[in-house]
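Okay, structure first, notes after.
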Amino acid sequence: MELKNLTTFHIGGRAQHFYIVNSIVELQERLEYIRAKKMKYYVLGSGSNILVHDQTLKGVVIKLGPGFAKIQKKGNSLFVGGAVTIPKLLSYCRANNLAGAEFLWGIPGTMGGAVKGNAGTKDKSISRIIKSLTGISGLGKIERFPVEKILFTYRGSNIGDIFIITEVELALHKSSKRVISTNTNKYRQLRDQQPKGYSAGCIFKNPSGQSAGALIEFAGLKGRISGGAVVSPKHANFIINRNGRAKAKDVWELINLIRRTVEQTSDIKLELEIKTWGEFK
């Protein structure tokens, strides 16, 4: 399976092994096989927020299939499968007059990835609307955690990479379609300011009290090109695969250039927001 066809960057080599799973039992069986073979595994959602290297990715890529893409309302809680995309969640909420998740508008990921990365905006994160999450550890054990047991940070959490989120319980509230539409439009306008094209979203986390994009712009790197990749002239914290032919090495060269230059110009070490799959030097 060519991973470049499954990532929003449209970058990535071939997966050595690739499995789509549609049930807890099937997922546990795959994990048992992976443990027996002592292989590394990666969990693929919508392919956003990752940079996959250009060579064959050794190990196993697991993707949750339609069996994990269900949404069910029970009492005051909304149970959302780990493979549900953010757009699908928001569409369900609009149709059922449920408010509280509008700030997620424009985020292309799945629930599993959004929760692990604590996705959101400058002032709101998905952790604010989570009640609990359920998933499977690398040992194949089903575990459920109330939100109080999870440490969420800015664009991150202590949920390990090998823990596969299968379901998230959200706390939302009833509202009118007018209010939901008004809130959604506010966040739509914010997202419309972001660059178009093949990207992984923001490359770096914002340092405390500062903007990574502003620091990169101050360093004079807007528009800088490496191969098929370019630092977006519109928003410097985005790297764009400008012709669909960029390689991971092109993006990685820009990432290293940005880190070095921003440290020289602002004495700040930028931290990656995206995840990298494979070996990068």
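Chain labels follow the order of the structure tokens: the first chain is A, the next B, and so on; residue numbering restarts at 1 in every chain, and ligands are counted from 1 in their shown order.
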
Could you list, as a list in words, every residue within 7 Å of stretch 46-51 of chain A, counting only C-alpha atoms and ignoring same-chain residues fewer than 5 positions away?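 That gives Leu6, Thr7, Thr8, Pro108, Gly109, Thr110, Ala200, Gly201, Ala248, Ile274, Lys275, Thr276 and Trp277 of chain A.
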
Which parts of stretch 34-246 of chain A does DSSP call alpha helix (DSSP H) when run on the backbone here, written out as number ranges by chain? A: 34-37, 86-95, 111-116, 177-191, 212-218

Please extract the residues of stretch 6-99 of chain A with a backbone DSSP assignment of strand (DSSP E or B) and present them as a PyMOL selection string. chain A and resi 14-21+41-44+50-52+57-64+71-74+77-81+85+98-99

Non-local contacts of stretch 183-187 of chain A (10 Å; only C-alpha atoms; under 6 positions in same chain excluded) as an NGL selection string: :A and (90 or 94 or 99-106 or 121 or 177)

Just to be explicit: take each residue in the selection above, keep N, CA and C atoms, and write the result as a PDB file, in the first residue's frame.
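Result file follows (result.pdb):
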```pdb
ATOM      1  N   LEU A  90     -19.238  16.538  13.185  1.00  0.00           N
ATOM      2  CA  LEU A  90     -19.901  17.835  13.167  1.00  0.00           C
ATOM      3  C   LEU A  90     -21.201  17.791  12.376  1.00  0.00           C
ATOM      4  N   ARG A  94     -24.847  18.775  13.966  1.00  0.00           N
ATOM      5  CA  ARG A  94     -25.774  19.744  13.368  1.00  0.00           C
ATOM      6  C   ARG A  94     -27.151  19.128  13.174  1.00  0.00           C
ATOM      7  N   ALA A  99     -24.486  20.927  20.448  1.00  0.00           N
ATOM      8  CA  ALA A  99     -23.467  21.975  20.386  1.00  0.00           C
ATOM      9  C   ALA A  99     -22.296  21.657  21.313  1.00  0.00           C
ATOM     10  N   GLY A 100     -21.182  22.310  21.054  1.00  0.00           N
ATOM     11  CA  GLY A 100     -20.009  22.166  21.903  1.00  0.00           C
ATOM     12  C   GLY A 100     -18.768  21.735  21.165  1.00  0.00           C
ATOM     13  N   ALA A 101     -18.947  21.226  19.930  1.00  0.00           N
ATOM     14  CA  ALA A 101     -17.787  20.736  19.167  1.00  0.00           C
ATOM     15  C   ALA A 101     -17.482  21.605  17.951  1.00  0.00           C
ATOM     16  N   GLU A 102     -18.177  22.736  17.804  1.00  0.00           N
ATOM     17  CA  GLU A 102     -18.030  23.551  16.594  1.00  0.00           C
ATOM     18  C   GLU A 102     -16.598  24.033  16.362  1.00  0.00           C
ATOM     19  N   PHE A 103     -15.831  24.203  17.443  1.00  0.00           N
ATOM     20  CA  PHE A 103     -14.458  24.703  17.302  1.00  0.00           C
ATOM     21  C   PHE A 103     -13.549  23.738  16.540  1.00  0.00           C
ATOM     22  N   LEU A 104     -14.016  22.495  16.358  1.00  0.00           N
ATOM     23  CA  LEU A 104     -13.228  21.508  15.621  1.00  0.00           C
ATOM     24  C   LEU A 104     -13.392  21.642  14.107  1.00  0.00           C
ATOM     25  N   TRP A 105     -14.219  22.575  13.668  1.00  0.00           N
ATOM     26  CA  TRP A 105     -14.488  22.711  12.237  1.00  0.00           C
ATOM     27  C   TRP A 105     -13.177  22.934  11.469  1.00  0.00           C
ATOM     28  N   GLY A 106     -13.037  22.207  10.360  1.00  0.00           N
ATOM     29  CA  GLY A 106     -11.867  22.367   9.502  1.00  0.00           C
ATOM     30  C   GLY A 106     -10.716  21.450   9.832  1.00  0.00           C
ATOM     31  N   THR A 121      -8.278  24.753  18.717  1.00  0.00           N
ATOM     32  CA  THR A 121      -7.896  26.090  18.290  1.00  0.00           C
ATOM     33  C   THR A 121      -6.980  26.702  19.345  1.00  0.00           C
ATOM     34  N   LYS A 177     -30.223  25.106  15.856  1.00  0.00           N
ATOM     35  CA  LYS A 177     -29.436  25.088  14.622  1.00  0.00           C
ATOM     36  C   LYS A 177     -28.847  26.463  14.339  1.00  0.00           C
TER      37      LYS A 177
END
```

Quick one: everything within 8 Å of A:Asp54, counting only C-alpha atoms, minus sequence neighbours fewer than 6 positions away in the same chain. Send it as number ranges by chain. A: 11-14, 247-249

Write out the residues from the selection above, keeping N, CA and C atoms, as a PDB file, in the first residue's frame.
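Result file follows (part.pdb):
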```
ATOM      1  N   ILE A  11       2.482  12.378   0.685  1.00  0.00           N
ATOM      2  CA  ILE A  11       3.895  12.001   0.779  1.00  0.00           C
ATOM      3  C   ILE A  11       3.995  10.713   1.573  1.00  0.00           C
ATOM      4  N   GLY A  12       4.922   9.838   1.175  1.00  0.00           N
ATOM      5  CA  GLY A  12       5.157   8.628   1.954  1.00  0.00           C
ATOM      6  C   GLY A  12       5.445   7.429   1.080  1.00  0.00           C
ATOM      7  N   GLY A  13       6.298   6.544   1.592  1.00  0.00           N
ATOM      8  CA  GLY A  13       6.626   5.331   0.863  1.00  0.00           C
ATOM      9  C   GLY A  13       5.577   4.246   1.065  1.00  0.00           C
ATOM     10  N   ARG A  14       5.959   3.057   0.732  1.00  0.00           N
ATOM     11  CA  ARG A  14       5.049   1.912   0.803  1.00  0.00           C
ATOM     12  C   ARG A  14       5.057   1.319   2.213  1.00  0.00           C
ATOM     13  N   LYS A 247       8.911  15.131  -1.845  1.00  0.00           N
ATOM     14  CA  LYS A 247       9.350  13.970  -1.079  1.00  0.00           C
ATOM     15  C   LYS A 247       9.462  14.344   0.400  1.00  0.00           C
ATOM     16  N   ALA A 248       9.446  13.317   1.244  1.00  0.00           N
ATOM     17  CA  ALA A 248       9.598  13.566   2.675  1.00  0.00           C
ATOM     18  C   ALA A 248      10.915  14.272   2.965  1.00  0.00           C
ATOM     19  N   LYS A 249      11.951  13.934   2.199  1.00  0.00           N
ATOM     20  CA  LYS A 249      13.255  14.564   2.432  1.00  0.00           C
ATOM     21  C   LYS A 249      13.216  16.059   2.146  1.00  0.00           C
TER      22      LYS A 249
END
```

Would you work out the distance separating atom CA of A:Arg128 from atom CA of A:Leu151, expressed in Å to one decimal?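 Spanning atom CA of A:Arg128 to atom CA of A:Leu151 is a straight-line distance of 12.1 Å.
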
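Considering only C-alpha atoms, the residue among A:Gly160, A:Ser232, A:Leu98, A:Ile136 positioned nearest to A:Arg178 is A:Leu98.
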